[in-house]
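Below is one structure, written out as C-alpha cells; comments come after it.
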Amino acid sequence: MLSTTSGTLGTPAWESYRDAVHYRIPEPADALTAYGMVLLSPPYQGHLLIGFLSCKRFVGAINIWPDRVRVGFDAENISIAPGERWVLDPVILVTSADRDAALAAFAERTARLNQARADSRLHTGWSSWNALGENLHFDEVLANALVVAARATMLDYIQIDDGYQAAMGDWFDARPDFGGTMADLCAAIARVGKKPAVWVAPLIAERNSNLFREHPDWFIKDFAGAPLNSDKTSFGGWRHGPWYGLDGSHPDVQYHLEQVFRRMRSEWGVDYFKLDALFWGALPGGSFHNPRMSRAEAYRSALAAVRRGAGDAFITVANAPLWPTIGFADASRASNDVRSSWSSFKLVGRQNLRRSWMHRRLWVTDPDSIMLGGNATENEFRVHWTAVYISGGIFLTGDDLTKARPERLDILQRLGRPTGFKPRVEDERLEFVTTDGGPLAVFNWDDQPKQIALAASPRSRWQDFWTQRDLAFDRTGACAVALGPRDALLLHRTRI
Amino acid sequence: MSLTRRTAISLTGSATLLAIVGDAQARARNSLKNYIRSAGHASSYAVPSDAASDIEHLRITARWAGGVVRAVLENTGTVPVAIKEIVVLDSPHDFPESTGI
C-alpha cells in the first residue's frame, strides 16, 4: 500500500520499505504483490498497466505468480447479507507503446473518478523536523521564522513538525519543555509575516495519551475487544509506540477529528497541514465499531471528517495508504524522510522520480525537504536539489537556517518557487527526466563518471542551471555531456 | 521536445546477432497480447471466510467496457456469508522473468 517496486518479475527490487515486511501487510509468500497498480513491460512489446481506478470499498491488490495474475480485494471477513449487492471498485487494463502515456491515461481516469485535488497551489516553506527533531523548542522555531522572513523570503510557511505535543493524540497540549503554546507560536509566526503550518498524526494515539485513556472505545479493536496494539499486527510506530489507530467508522471519532482541525484552523490560524502516520487508520488485523465497514471505508470516513474540519486547507500526507487517499490529499509524500547524505539523496530522489507520474494528476508531489547543509559533496547536493526541482512539487527546506551558510541560502533564492511542471522519466535508470515545456534533468546516480549523449534541435541553446555553462553541440546537434560521479545537470533552454 | 537522449545502438556486426534478437523478440512479443486475451476470459470468484460456507448463492458478475472491468458481488441466498477475498480477474500469463515492473 505504501512501497514502490521496480526491477523485473524475475528480480524485483524495492525502494526501501516493503509492505509485507515493514508494515506486515499479509500477502502470498510466493507471489509478487502490488497495491493500487502495476506496470508490466515485457521486452519488445510496450507496456501493460493493471490498476484500480479507486479503492473506496476495499484495498485492491495484484498478485503475480510465475504463471498467473490475480487481481482482487481483501474483503476482511465482512458478511454479505442475503439480497445484498457489493459494487466493487473498477479495475482497468491500459496498454501503450509509451510508458508515460500508459501512466498518464491511468492517472487521469483515476483522478476523475476520485475527484483528485491535483491543482492545488504549490507551497513553499521551512520544516522543523530535520533541523530540530522531536525536541524542538518554541524559541528555535521562531528564530528560524525570523531568518526566513529576512533571508529566505520565498518561503511562505513555517511548518511545526512532530514534537510540539505532549503525547501522540494530545495535539492541544504542548510538550512541557516546548517553551510555550502552539497558539502563541502560530501567532508569533504570523507577526513576522509568515504562515504557520502544523504536522499532525490524527489517526493515532499512544497509550500514555489522554485521548487513549479517556476514549479506549474510539480505537480499532483486536479480536478480544481491546484496543489493537499495532505492534501485534503491523509496524508499531517510529516514536512513542506502540500506536493505536483511531476507528474512523465510529461517529464520535469522526466528530472528534472534525473538531481537532476546526480548532487548529480557527484558534491557531493554520491552513496548511502535514498529516502523518495515516496508515494506522487502516490497520490490518483489527475490527471496527461498524462491522459493515472495511478498513478503506473506515479510513476514508476519518479523512472526510478531517477535511470537514480543515475546510479548504492545504493537506499533504505521509505514510498513507495511497489509493484510498486520492481525492482527500492536496499533496503526497512519495519517499522516505530525507537526510543530508548521499545514500538518502539517492534513495529519496529516485523514489520521487518513480512516482512522479502522479504529480498534478492524483495530487502534487511533496518531495520532502531541500537540504542545504551537511557533509555531502557539491555534486551530491546538485543531484538532490535537481531531483526536488524537477519533481515539480512543493518546496520545503529542512535545515536550521540560523546556522545555514549564506551561499546555501542563496540556493533557495535561486530555485525560486516550485515549477509545477509535470516530469516525465524517459528511461528506467532514471537518468533523463524531461518536463512539459520546461527544464530537463540529467542524472548520474553511479559512483563513476559518465558520458551521456544528447541531441538538440537547431536554434536552441541549453544551459546548466548550477554552473551557468552552455552545452556545446556540434553541427549535427549532438552533444556528449560529461557528468562526474553522483552528479546532475539541470538544463534550461534559452532561445538563440 | 527539442533535446533528447541519444539511444542509438550500434549493430556492428553480425547477422547472427540480429537473428538472435529477432527470434527473442518473436518469442516474447506475444505475452502481452496473450495476457490481454486471457484477462478477457478470466475467472471471477469470492472466497468465503469459512470454507464450509454455502457459496452456491454468491454470484459475481464482471462486465468489461473499454478496458475497464466492473464487478458486482451479490448474495442471492437466505443466509449471510462472510467473505475473505474477492477475485475480479484470475488468469494465466506467460510474461518472461525479464518483464520490467
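By order in the C-alpha cells, chains are A, B, ...; within a chain, residues start at 1; ligands start at 1, following the order shown.
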
Show me which bits of chain B are within 8 Å of chain A, counting only C-alpha atoms, as a PyMOL selection string. chain B and resi 1-7+25+28-32+48-49+67-101

So that I can see what lies close to region 369-380 of chain A, please list as a PyMOL selection string the residues with an atom at most 8 Å from it, counting only C-alpha atoms and leaving out residues fewer than 3 positions away in the same chain. chain A and resi 127+338-342+345+383-385+388+395-399+404-405+408-409+484-488

Quick one: residues within 8 Å of Leu278 (chain A), only C-alpha atoms counted, chain neighbours fewer than 6 positions away excluded, as a VMD selection string? chain A and resid 201 to 204 317 to 321

For the residues in the current selection, export C-alpha atoms as a PDB file, in the first residue's frame.
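Result went into out16.pdb, see below:
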ATOM      1  CA  ALA A 201      -0.829  12.356  13.068  1.00  0.00           C
ATOM      2  CA  PRO A 202      -4.590  12.483  13.542  1.00  0.00           C
ATOM      3  CA  LEU A 203      -5.343   8.776  13.327  1.00  0.00           C
ATOM      4  CA  ILE A 204      -3.014   7.555  16.087  1.00  0.00           C
ATOM      5  CA  VAL A 317       0.065  13.315   3.575  1.00  0.00           C
ATOM      6  CA  ALA A 318       2.793  10.863   4.540  1.00  0.00           C
ATOM      7  CA  ASN A 319       2.736   7.179   5.434  1.00  0.00           C
ATOM      8  CA  ALA A 320      -0.686   6.981   3.862  1.00  0.00           C
ATOM      9  CA  PRO A 321      -2.312   4.082   2.017  1.00  0.00           C
TER      10      PRO A 321
END

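Among A:His137, A:Pro242, A:Lys221, A:Ile160, the residue with the shortest atom-to-atom distance to Gly180 (chain A), counting only C-alpha atoms, is A:His137.
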
Which residues, written as a list in words, have at least one atom at most 9 Å from region 258-266 of chain A, with only C-alpha atoms counted and residues fewer than 4 positions away on the same chain left out? Trp171, Phe172, Ala183, Val198, Pro202, Val253, Gln254, Val270, Asp271, Tyr272, Ala302, Ala304, Ala305, Val306, Arg307, Arg308, Gly309, Ala310, Gly311 and Ala313 of chain A

Restricting the output to C-alpha atoms, write the selected residues as a short mmCIF file (atom, residue, chain, number, x, y, z; two decimals), in the first residue's frame.
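Now in selection-v4.cif:
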data_model
loop_
_atom_site.label_atom_id
_atom_site.label_comp_id
_atom_site.auth_asym_id
_atom_site.auth_seq_id
_atom_site.Cartn_x
_atom_site.Cartn_y
_atom_site.Cartn_z
CA TRP A 171 -2.41 17.82 19.91
CA PHE A 172 -3.58 20.76 22.00
CA ALA A 183 -1.43 29.19 19.67
CA VAL A 198 1.35 22.07 11.50
CA PRO A 202 -4.59 12.48 13.54
CA VAL A 253 -14.21 9.67 16.31
CA GLN A 254 -15.45 11.44 13.20
CA VAL A 270 -3.38 27.15 10.32
CA ASP A 271 -4.36 26.47 6.72
CA TYR A 272 -1.57 24.01 5.86
CA ALA A 302 -11.90 9.57 9.10
CA ALA A 304 -13.73 13.01 5.33
CA ALA A 305 -14.11 14.22 8.91
CA VAL A 306 -10.64 15.77 8.83
CA ARG A 307 -11.50 17.55 5.59
CA ARG A 308 -14.77 18.87 7.05
CA GLY A 309 -12.81 20.42 9.89
CA ALA A 310 -9.88 21.59 7.80
CA GLY A 311 -12.07 23.08 5.09
CA ALA A 313 -6.73 23.99 3.90
#

Among region 269-448 of chain A, which ones does DSSP assign to alpha helix (DSSP H) (computed from the backbone)? Answer as an MDAnalysis selection string. chainID A and resid 295:310 322:325 342:354 378:391 406:415

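Near Pro367 (chain A), within 7 Å and counting only C-alpha atoms, sit Arg333, Ala334, Ser335, Asn352, Thr365, Ser369, Val388 and Gly393 of chain A, not including residues fewer than 2 positions from it in the same chain.
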
Write out as an NGL selection string the residues lying within 9 Å of Asn229 (chain A), counting only C-alpha atoms and excluding same-chain residues fewer than 5 positions away. :A and (220-222 or 234 or 236 or 242-245)
